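Chemist: One structure, as structure tokens, below. Some questions next.
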Amino acid sequence: MLPYADGMTNRRNLPRQFNSPGPAHLVLTDGTVFSGFAAGASSAIDGEVVFNTSMTGYQEMLTDPSYHGQILCLTTSHVGQVGINALDAESDRVWARALVVQDLDLVPSSWRSEEDTSDWLARIGVAVGWGFDVRAIVRQIRTAGAVPGVLATDGTAVDALVERARAARGTDGCDLAREVACGEAYAWDKGPWRSPSHPAKNESGDDRPPVAVIDFGVKRSILRRLVAEGLRVRVLPPSVTAREVLADGHAGVVLSNGPGDPAAVAGARDLIDGLIGKVPVLGICLGCQLLGLTLGGRTVKLPYGHHGGNHPVRELASSKVLVTSQNHNYAVEESSLPREVEVTHINLTDGTLEGLALPRAGVEAVQFHPEAAPGPNDAVGLFMRFAERCRGTRS
């Protein structure tokens, strides 16, 4: 079914490639076929198909390394309306393998925009399917789970796509963190975006507690938030050893978000085990899962994951309900954790674990994204508590 009565968008001055849009097909591994129009790169790309329910933040999602290996389907009605700008990027490239939307706006209406979204996606070679019935896609994923699939924008015949989709694989058993992480350590000193005249405040000073961020696919928003809390940030590759981290005198360690199966991340448990009890540790998303595994727990794959900006989470100590930003397909199985590990947060939608702590060792982790980007800021206090623990180690 065409997205508009006349079979095309009703916007003026359409780019040439949209005057006669070619077909696009999304085929899931179970053989389900969805059809729409093609934009961006002309290709056929496979990956695990997931949906995100956030109303804003498409650039942040596309550049989030946690989406590596996945085809991203956005449920919001319009994508592209605020264009693209360098400050909203969560990394230096797009990690989502492809994008599927209902409507791709061609004319941005934000003063911060530096480039049209459609032009940007075409320039960097990302395949885009638009005009899709995203509600039907979501219903299928909620029934079948986050299944692999293929998005084709190059005119490949549907029969061939069905065969290819059957052979596509998801993220189970895949150590994708090594593919997105930095290869060498680097310092980060940029704070959050503040104003048109000072878009990102740089912080300096040797009196700031130094913290190490283990990069399993870190978002820049996490780094910016740490800087905002007065911490001196250094990002380290996941190949680093606990001895190297401790030898450099770091006052705390952050285990970042990232893609793939947490049980498949090579070397992570040995690294984390060597840090617990030595310095304060904060885990976020994949970092939470890796901490859970290190402390003796198990991880499980959720039916279709949590991807969105409005997930209710109860903070058990205060009974407060936080509205949180989430992006994960795996979770720590609460019943698998040893007694000394404290469960701190629970998802009110499905009861899954959303936070854990080992107070005697200064360890805290959350499954959601306290830095949001996009999403609510209910949980930024986690960064404040971590900064206080880091300052306490230096007193």
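Naming scheme: A, B, ... for chains in displayed order of the structure tokens; residues 1 onward per chain; ligands 1 onward as shown.
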I need the alpha helix (DSSP H) residues of region 206-253 of chain A per DSSP on the backbone, written as a PDB file with all heavy atoms, in the first residue's frame.
Modeler:
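Output file states10.pdb follows:
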```pdb
ATOM      1  N   ARG A 220      29.144   8.522  22.766  1.00  0.00           N
ATOM      2  CA  ARG A 220      29.773   9.772  23.179  1.00  0.00           C
ATOM      3  C   ARG A 220      28.984  10.481  24.269  1.00  0.00           C
ATOM      4  O   ARG A 220      29.560  11.214  25.081  1.00  0.00           O
ATOM      5  CB  ARG A 220      29.930  10.684  21.961  1.00  0.00           C
ATOM      6  CG  ARG A 220      31.015  10.206  20.997  1.00  0.00           C
ATOM      7  CD  ARG A 220      31.071  11.043  19.734  1.00  0.00           C
ATOM      8  NE  ARG A 220      32.149  10.598  18.853  1.00  0.00           N
ATOM      9  CZ  ARG A 220      32.315  11.019  17.607  1.00  0.00           C
ATOM     10  NH1 ARG A 220      31.467  11.907  17.091  1.00  0.00           N
ATOM     11  NH2 ARG A 220      33.312  10.563  16.872  1.00  0.00           N
ATOM     12  N   SER A 221      27.685  10.258  24.321  1.00  0.00           N
ATOM     13  CA  SER A 221      26.882  10.902  25.360  1.00  0.00           C
ATOM     14  C   SER A 221      27.299  10.444  26.750  1.00  0.00           C
ATOM     15  O   SER A 221      27.202  11.216  27.719  1.00  0.00           O
ATOM     16  CB  SER A 221      25.393  10.610  25.143  1.00  0.00           C
ATOM     17  OG  SER A 221      24.925  11.253  23.986  1.00  0.00           O
ATOM     18  N   ILE A 222      27.734   9.198  26.868  1.00  0.00           N
ATOM     19  CA  ILE A 222      28.238   8.709  28.156  1.00  0.00           C
ATOM     20  C   ILE A 222      29.507   9.458  28.524  1.00  0.00           C
ATOM     21  O   ILE A 222      29.685   9.902  29.669  1.00  0.00           O
ATOM     22  CB  ILE A 222      28.489   7.194  28.095  1.00  0.00           C
ATOM     23  CG1 ILE A 222      27.157   6.439  27.955  1.00  0.00           C
ATOM     24  CG2 ILE A 222      29.250   6.708  29.328  1.00  0.00           C
ATOM     25  CD1 ILE A 222      27.319   4.946  27.763  1.00  0.00           C
ATOM     26  N   LEU A 223      30.396   9.626  27.570  1.00  0.00           N
ATOM     27  CA  LEU A 223      31.646  10.342  27.828  1.00  0.00           C
ATOM     28  C   LEU A 223      31.366  11.789  28.205  1.00  0.00           C
ATOM     29  O   LEU A 223      31.993  12.342  29.125  1.00  0.00           O
ATOM     30  CB  LEU A 223      32.547  10.277  26.594  1.00  0.00           C
ATOM     31  CG  LEU A 223      32.855   8.870  26.049  1.00  0.00           C
ATOM     32  CD1 LEU A 223      33.768   8.973  24.821  1.00  0.00           C
ATOM     33  CD2 LEU A 223      33.489   7.991  27.112  1.00  0.00           C
ATOM     34  N   ARG A 224      30.444  12.423  27.509  1.00  0.00           N
ATOM     35  CA  ARG A 224      30.101  13.812  27.803  1.00  0.00           C
ATOM     36  C   ARG A 224      29.528  13.951  29.215  1.00  0.00           C
ATOM     37  O   ARG A 224      29.806  14.917  29.931  1.00  0.00           O
ATOM     38  CB  ARG A 224      29.098  14.341  26.772  1.00  0.00           C
ATOM     39  CG  ARG A 224      29.661  14.486  25.360  1.00  0.00           C
ATOM     40  CD  ARG A 224      28.604  15.010  24.402  1.00  0.00           C
ATOM     41  NE  ARG A 224      29.077  15.053  23.031  1.00  0.00           N
ATOM     42  CZ  ARG A 224      29.797  16.054  22.502  1.00  0.00           C
ATOM     43  NH1 ARG A 224      30.119  17.086  23.260  1.00  0.00           N
ATOM     44  NH2 ARG A 224      30.179  16.018  21.241  1.00  0.00           N
ATOM     45  N   ARG A 225      28.700  12.997  29.622  1.00  0.00           N
ATOM     46  CA  ARG A 225      28.093  13.067  30.944  1.00  0.00           C
ATOM     47  C   ARG A 225      29.147  12.883  32.045  1.00  0.00           C
ATOM     48  O   ARG A 225      29.103  13.537  33.089  1.00  0.00           O
ATOM     49  CB  ARG A 225      27.004  12.004  31.060  1.00  0.00           C
ATOM     50  CG  ARG A 225      26.304  11.933  32.414  1.00  0.00           C
ATOM     51  CD  ARG A 225      25.842  13.254  32.928  1.00  0.00           C
ATOM     52  NE  ARG A 225      24.942  13.949  32.021  1.00  0.00           N
ATOM     53  CZ  ARG A 225      24.462  15.150  32.235  1.00  0.00           C
ATOM     54  NH1 ARG A 225      24.831  15.828  33.317  1.00  0.00           N
ATOM     55  NH2 ARG A 225      23.642  15.717  31.378  1.00  0.00           N
ATOM     56  N   LEU A 226      30.119  12.013  31.819  1.00  0.00           N
ATOM     57  CA  LEU A 226      31.195  11.829  32.790  1.00  0.00           C
ATOM     58  C   LEU A 226      32.013  13.109  32.941  1.00  0.00           C
ATOM     59  O   LEU A 226      32.390  13.505  34.048  1.00  0.00           O
ATOM     60  CB  LEU A 226      32.097  10.673  32.357  1.00  0.00           C
ATOM     61  CG  LEU A 226      31.455   9.279  32.400  1.00  0.00           C
ATOM     62  CD1 LEU A 226      32.362   8.263  31.710  1.00  0.00           C
ATOM     63  CD2 LEU A 226      31.181   8.852  33.836  1.00  0.00           C
ATOM     64  N   VAL A 227      32.285  13.774  31.814  1.00  0.00           N
ATOM     65  CA  VAL A 227      33.003  15.047  31.859  1.00  0.00           C
ATOM     66  C   VAL A 227      32.186  16.076  32.628  1.00  0.00           C
ATOM     67  O   VAL A 227      32.725  16.858  33.425  1.00  0.00           O
ATOM     68  CB  VAL A 227      33.311  15.546  30.429  1.00  0.00           C
ATOM     69  CG1 VAL A 227      33.823  16.979  30.453  1.00  0.00           C
ATOM     70  CG2 VAL A 227      34.328  14.632  29.757  1.00  0.00           C
ATOM     71  N   ALA A 228      30.871  16.091  32.426  1.00  0.00           N
ATOM     72  CA  ALA A 228      29.998  17.045  33.117  1.00  0.00           C
ATOM     73  C   ALA A 228      30.034  16.851  34.625  1.00  0.00           C
ATOM     74  O   ALA A 228      29.788  17.803  35.385  1.00  0.00           O
ATOM     75  CB  ALA A 228      28.568  16.911  32.603  1.00  0.00           C
ATOM     76  N   ALA A 242      43.397  -5.715  33.533  1.00  0.00           N
ATOM     77  CA  ALA A 242      43.109  -5.054  34.806  1.00  0.00           C
ATOM     78  C   ALA A 242      44.377  -4.467  35.399  1.00  0.00           C
ATOM     79  O   ALA A 242      44.359  -3.366  35.973  1.00  0.00           O
ATOM     80  CB  ALA A 242      42.472  -6.051  35.766  1.00  0.00           C
ATOM     81  N   ARG A 243      45.490  -5.159  35.272  1.00  0.00           N
ATOM     82  CA  ARG A 243      46.752  -4.653  35.810  1.00  0.00           C
ATOM     83  C   ARG A 243      47.127  -3.325  35.157  1.00  0.00           C
ATOM     84  O   ARG A 243      47.578  -2.394  35.838  1.00  0.00           O
ATOM     85  CB  ARG A 243      47.860  -5.682  35.590  1.00  0.00           C
ATOM     86  CG  ARG A 243      49.228  -5.222  36.067  1.00  0.00           C
ATOM     87  CD  ARG A 243      50.261  -6.320  35.904  1.00  0.00           C
ATOM     88  NE  ARG A 243      49.965  -7.470  36.749  1.00  0.00           N
ATOM     89  CZ  ARG A 243      50.731  -8.553  36.820  1.00  0.00           C
ATOM     90  NH1 ARG A 243      51.831  -8.635  36.072  1.00  0.00           N
ATOM     91  NH2 ARG A 243      50.404  -9.550  37.620  1.00  0.00           N
ATOM     92  N   GLU A 244      46.924  -3.212  33.845  1.00  0.00           N
ATOM     93  CA  GLU A 244      47.239  -1.964  33.148  1.00  0.00           C
ATOM     94  C   GLU A 244      46.320  -0.835  33.595  1.00  0.00           C
ATOM     95  O   GLU A 244      46.766   0.308  33.777  1.00  0.00           O
ATOM     96  CB  GLU A 244      47.133  -2.175  31.639  1.00  0.00           C
ATOM     97  CG  GLU A 244      48.214  -3.076  31.067  1.00  0.00           C
ATOM     98  CD  GLU A 244      47.953  -3.488  29.628  1.00  0.00           C
ATOM     99  OE1 GLU A 244      46.763  -3.510  29.224  1.00  0.00           O
ATOM    100  OE2 GLU A 244      48.928  -3.785  28.925  1.00  0.00           O
ATOM    101  N   VAL A 245      45.024  -1.133  33.776  1.00  0.00           N
ATOM    102  CA  VAL A 245      44.066  -0.113  34.217  1.00  0.00           C
ATOM    103  C   VAL A 245      44.452   0.401  35.597  1.00  0.00           C
ATOM    104  O   VAL A 245      44.480   1.616  35.847  1.00  0.00           O
ATOM    105  CB  VAL A 245      42.636  -0.681  34.237  1.00  0.00           C
ATOM    106  CG1 VAL A 245      41.666   0.341  34.834  1.00  0.00           C
ATOM    107  CG2 VAL A 245      42.188  -1.067  32.832  1.00  0.00           C
ATOM    108  N   LEU A 246      44.763  -0.503  36.523  1.00  0.00           N
ATOM    109  CA  LEU A 246      45.091  -0.116  37.889  1.00  0.00           C
ATOM    110  C   LEU A 246      46.445   0.583  37.972  1.00  0.00           C
ATOM    111  O   LEU A 246      46.631   1.503  38.781  1.00  0.00           O
ATOM    112  CB  LEU A 246      45.064  -1.351  38.791  1.00  0.00           C
ATOM    113  CG  LEU A 246      43.701  -2.059  38.896  1.00  0.00           C
ATOM    114  CD1 LEU A 246      43.834  -3.366  39.662  1.00  0.00           C
ATOM    115  CD2 LEU A 246      42.669  -1.151  39.548  1.00  0.00           C
ATOM    116  N   ALA A 247      47.384   0.164  37.145  1.00  0.00           N
ATOM    117  CA  ALA A 247      48.719   0.764  37.176  1.00  0.00           C
ATOM    118  C   ALA A 247      48.688   2.238  36.794  1.00  0.00           C
ATOM    119  O   ALA A 247      49.553   3.010  37.220  1.00  0.00           O
ATOM    120  CB  ALA A 247      49.657  -0.006  36.247  1.00  0.00           C
TER     121      ALA A 247
END
```
Chemist: I want to know what sits within 12 Å of Lys320 (chain A), based on only C-alpha atoms, with residues of the same chain fewer than 2 positions away left out; could you give that as a list in words?
Modeler: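 The residues satisfying every condition are Pro312, Val313, Arg314, Glu315, Leu316, Ala317, Ser318, Leu322, Val323, Thr344, His345, Ile346, Leu348, Asp378 and Ala379 of chain A.
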Chemist: From a DSSP pass on the backbone, collect the residues of region 51-81 of chain A flagged as strand (DSSP E or B) and hand them back as a PyMOL selection string.
Modeler: chain A and resi 51-52+68+70-74+79
Chemist: Could you list, as an NGL selection string, every residue within 10 Å of Ala86 (chain A), counting only C-alpha atoms and ignoring same-chain residues fewer than 6 positions away?
Modeler: :A and (59 or 92 or 112-115)
Chemist: Could you turn the residues from that selection into a file that holds C-alpha atoms, as a PDB file, in the first residue's frame?
Modeler:
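Everything below was put into out-v7.pdb:
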```
ATOM      1  CA  GLN A  59      20.809  10.135  14.243  1.00  0.00           C
ATOM      2  CA  ASP A  92      32.229   8.588  13.970  1.00  0.00           C
ATOM      3  CA  ARG A 112      20.856  22.922  14.011  1.00  0.00           C
ATOM      4  CA  SER A 113      20.691  20.921  10.776  1.00  0.00           C
ATOM      5  CA  GLU A 114      23.876  20.763   8.709  1.00  0.00           C
ATOM      6  CA  GLU A 115      22.708  18.254   6.085  1.00  0.00           C
TER       7      GLU A 115
END
```
Chemist: Which residues are near Ala96 (chain A)? Cut-off 10 Å, only C-alpha atoms, ignore same chain within fewer than 6 positions. Put them as number ranges by chain.
Modeler: A: 47-48, 61-72, 126-127
Chemist: Grab the CA of Lys219 (chain A) to CA of Ser91 (chain A) distance for me, in Å with one decimal place.
Modeler: 6.5 Å
Chemist: Just the residues within 12 Å of Arg339 (chain A), please, counting only C-alpha atoms, with nothing from its chain fewer than 2 positions along; format it as a PDB file with C-alpha atoms, in the first residue's frame.
Modeler:
```pdb
ATOM      1  CA  LEU A 295      29.677 -12.074  39.385  1.00  0.00           C
ATOM      2  CA  GLY A 296      28.388 -15.564  38.598  1.00  0.00           C
ATOM      3  CA  GLY A 297      25.102 -14.897  36.818  1.00  0.00           C
ATOM      4  CA  GLU A 334      17.996 -12.382  38.243  1.00  0.00           C
ATOM      5  CA  SER A 335      17.624 -15.867  39.720  1.00  0.00           C
ATOM      6  CA  SER A 336      21.126 -16.798  38.563  1.00  0.00           C
ATOM      7  CA  LEU A 337      22.918 -14.163  40.651  1.00  0.00           C
ATOM      8  CA  VAL A 341      24.666  -9.289  44.552  1.00  0.00           C
ATOM      9  CA  GLU A 342      21.902  -6.763  45.180  1.00  0.00           C
ATOM     10  CA  VAL A 343      19.153  -6.217  42.605  1.00  0.00           C
ATOM     11  CA  LEU A 356      22.522  -4.629  40.151  1.00  0.00           C
ATOM     12  CA  ALA A 357      25.106  -3.674  42.755  1.00  0.00           C
ATOM     13  CA  LEU A 358      27.831  -5.087  44.944  1.00  0.00           C
TER      14      LEU A 358
END
```
